[in-house]
Amino acid sequence: MLFLLAAHAAVAASLPWWQRRLGRTVWVVAALVPLAAVVWAGTRAARVLDGGDYRESLSWAPSLGLTVDLRLDALSLLMLWIVAGVGALVLLYCRYYVERDTGRLAAVLLAFAGAMTGLVLADNVFVLYVFWELTTVASFVLIAGRGDDREERRAARQALLVTTAGGLVMLLGLILLGRAAGTYRISGILADPPQGGAVSAAVVLVLIGAFAKSAQMPLHGWLPAAMVAPTPVSAYLHAAAMVKAGVYLIARLAPALAETAPWRPMVLAVGLTTMVAAAWRALRATDLKLLLAYGTISELGLLVALLGAGTRTAALAGAVMLLAHAAFKAALFLSVGILDRQTGTRDVRELSGAGRRMPVLFAASALAAASMAGIPPLVGYLGKEAYFETFLHGGSHLAGHGWLTAVLVAGSALTVAYAARFVQGAFGGRPGGPVARAERPEAG
């Protein structure tokens with residue numbers, strides 16, 4: 001695990017040098033590192049899925065008792081596959097999409113992938129916090145771009161301020177948890193959860209930080225603003241990786257802390273409110289990336305509610321949705337990038353007939369949107385079946401589970417509506433305007 005982190009850092013630092021010699025092939029070099037992480041995780045999957053784990057530790061400051069503790073278990077295995085798998089695909093996609101500043105962008109994207117890898121493998125609250133903030137810094141650099149555009153700089157500052165402030169609040173909560181438990185190892189805290197008033201205060205602080213990172217309402221504004229970033233950045237950071245950090249932290253702590261007040265009321269209220277309100281806002285968006293951004297916020301709200309509920313059935317449903325969301329949302333963002341590149345617009349009021357003009361892109365996008373809407377037999381359908389099973393039949397012990405189910409139904413109906421709006425707005429009608437003049441995308 002330490003080798004994987006070192007490989008991300010070393011290759012990221014060398015990519016500008018490689019770019020001067022390889023040109024756009026540098027993206028293939030960058031993609032090899034997360035691909036190696038996927039393969040490495042696959043070789044250890046059998047033991048992890050049987051209930052085992054892998055641990056590594058490196059003394060950082062022995063006199064202060066500070067160590068870099070890493071641990072691979074079932075949850076971190078799933079997250080590593082998402083982070084590394086989607087990361088490799090996005091890096092390969094950039095070979096087609098990115099035309100300037102290649103070496104710098106490749107280096108920062110790979111460094112971000114390394115920071116996310118460290119975050120999901122961390123077994124120490126301080127190590128987790130370091131990687132948490134490294135993802136924030138990388139996100140700031142990627143959103144700001146070259147710093148030439150005022151809107152990009154403004155969006156980058158907003159993302160930096162919200163997520164950094166949330167991270168500091170979260171750190172205070174994690175320290176309180178560690179002091180109450182007598183250990184700063186995350187696995188130690190979960191094995192023997194602490195009790196008391198300080199733990200309740202810690203729960204509130206940790207959840208605020210997680211809500212800020214996962215763009216939960218009312219801390220969501222930075223995510224739609226960040227859509228000014230290049231499409232590959234949006235696909236990776238804001239659909240598959242960075243925003244999942246808050247969801248991951250909630251999933252990691254929920255089995256031990258869900259019964260601690262006010263954990264469960266907070267995650268259910270904030271998550272389900274975000275799910276419905278953001279889905280409604282997605283229906284009004286005319287920019288395809290903005291529509292997907294609000295759809296992402298909505299689905300993150302669902303994930304927060306499922307993975308934070310603290311029950312086994314909810315956790316299983318959340319794991320399925322976590323994987324499904326990373327797959328279909330990354331695919332949709334990358335499809336929008338191709339559409340924008342070929343037509344010069346993402347506005348549904350200007351697009352017409354792209355489905356006839358670009359049938360392969362239309363088929364791939366429609367398949368991803370169908371998964372997002374929960375159409376059988378796709379993975380999104382399995383996730384929806386799982387979470388309805390959770391609250392209809394497995395949630396009788398949750399206060400107000402009938403209302404929770406009603407909110408889930410409303411949110412799911414809105415998801416189907418904005419998925420249909422995406423497909424119709426992007427690909428429906430007869431070719432005209434920018435679409436009629438657009439060239440079909442090439443395979444290579």
# chains A, B, ... in the order shown; residues from 1 in each chain; ligands from 1
$ residues_around --residues "Arg157 in chain A" --least-positions-apart "4" --cutoff "8 Å" --atoms "only C-alpha atoms" --output "list of chain:residue names"
A:Phe140, A:Arg153, A:Leu161
$ write_last_selection --atoms "N, CA and C atoms" --output "tab-separated table (two decimals), in the first residue's frame"
chain	number	residue	atom	x	y	z
A	140	PHE	N	-8.72	22.23	-5.98
A	140	PHE	CA	-8.58	23.68	-6.21
A	140	PHE	C	-7.75	23.95	-7.47
A	153	ARG	N	-11.49	30.84	-11.28
A	153	ARG	CA	-10.83	31.19	-10.01
A	153	ARG	C	-11.85	31.31	-8.89
A	161	LEU	N	-12.71	26.96	0.12
A	161	LEU	CA	-13.16	27.48	1.41
A	161	LEU	C	-14.16	26.54	2.07
$ residues_around --residues "Leu5 in chain A" --least-positions-apart "6" --cutoff "9 Å" --atoms "only C-alpha atoms" --output "mmCIF file with N, CA, C and O atoms, in the first residue's frame"
data_model
loop_
_atom_site.group_PDB
_atom_site.id
_atom_site.type_symbol
_atom_site.label_atom_id
_atom_site.label_comp_id
_atom_site.auth_asym_id
_atom_site.auth_seq_id
_atom_site.Cartn_x
_atom_site.Cartn_y
_atom_site.Cartn_z
ATOM 1 N N GLY A 114 -3.797 9.600 -6.250
ATOM 2 C CA GLY A 114 -2.985 9.100 -5.147
ATOM 3 C C GLY A 114 -3.509 9.563 -3.798
ATOM 4 O O GLY A 114 -3.521 8.784 -2.827
ATOM 5 N N ALA A 115 -3.951 10.825 -3.720
ATOM 6 C CA ALA A 115 -4.497 11.336 -2.463
ATOM 7 C C ALA A 115 -5.777 10.595 -2.085
ATOM 8 O O ALA A 115 -5.995 10.251 -0.911
ATOM 9 N N THR A 117 -6.511 7.545 -2.991
ATOM 10 C CA THR A 117 -6.093 6.200 -2.602
ATOM 11 C C THR A 117 -5.635 6.180 -1.151
ATOM 12 O O THR A 117 -5.999 5.290 -0.371
ATOM 13 N N GLY A 118 -4.832 7.164 -0.767
ATOM 14 C CA GLY A 118 -4.392 7.255 0.624
ATOM 15 C C GLY A 118 -5.546 7.469 1.583
ATOM 16 O O GLY A 118 -5.574 6.903 2.687
#
$ residues_around --residues "Met242 in chain A" --least-positions-apart "5" --cutoff "9 Å" --atoms "only C-alpha atoms" --output "compact mmCIF listing (two decimals) with N, CA and C atoms, in the first residue's frame"
# COMPACT_ATOMS: atom_id res chain seq x y z
N VAL A 83 -12.03 4.46 -7.23
CA VAL A 83 -11.09 5.56 -7.42
C VAL A 83 -10.09 5.24 -8.53
N PHE A 112 -4.04 13.62 -7.53
CA PHE A 112 -5.35 13.54 -6.87
C PHE A 112 -5.76 12.08 -6.66
N MET A 116 -6.64 10.32 -3.06
CA MET A 116 -7.86 9.56 -2.78
C MET A 116 -7.53 8.13 -2.37
N TRP A 132 -7.23 13.87 3.09
CA TRP A 132 -8.49 14.61 2.88
C TRP A 132 -8.19 16.01 2.34
N THR A 135 -6.69 16.13 -1.25
CA THR A 135 -7.71 16.10 -2.31
C THR A 135 -8.32 17.49 -2.51
N THR A 136 -8.46 18.24 -1.43
CA THR A 136 -8.99 19.60 -1.54
C THR A 136 -8.05 20.49 -2.33
N SER A 139 -8.10 19.51 -5.97
CA SER A 139 -9.34 19.97 -6.57
C SER A 139 -9.27 21.46 -6.90
N LYS A 213 -17.97 18.01 2.27
CA LYS A 213 -17.20 17.34 1.22
C LYS A 213 -18.10 16.66 0.20
N SER A 214 -19.24 16.14 0.65
CA SER A 214 -20.14 15.43 -0.26
C SER A 214 -21.27 16.32 -0.78
N TYR A 236 -14.30 12.93 -12.85
CA TYR A 236 -13.52 12.21 -11.84
C TYR A 236 -13.73 12.78 -10.45
N LEU A 237 -13.45 14.06 -10.28
CA LEU A 237 -13.54 14.64 -8.94
C LEU A 237 -14.96 14.72 -8.43
$ closest_residue --among "A:Ala6, A:Leu66, A:Val90, A:Ala138" --to "Ser335 in chain A" --atoms "only C-alpha atoms"
A:Val90
$ residues_around --residues "Pro34 in chain A" --least-positions-apart "6" --cutoff "10 Å" --atoms "only C-alpha atoms" --output "PyMOL selection string"
chain A and resi 4+7-8+40+80-81+83-89+91+110+113-114+117
$ atom_distance --atom1 "CA of Thr25 in chain A" --atom2 "CA of Phe328 in chain A"
26.3 Å
$ select_by_dssp --residues "range 336-372 of chain A" --states "alpha helix (DSSP H)" --output "PyMOL selection string"
chain A and resi 336-343+354-357+359-372
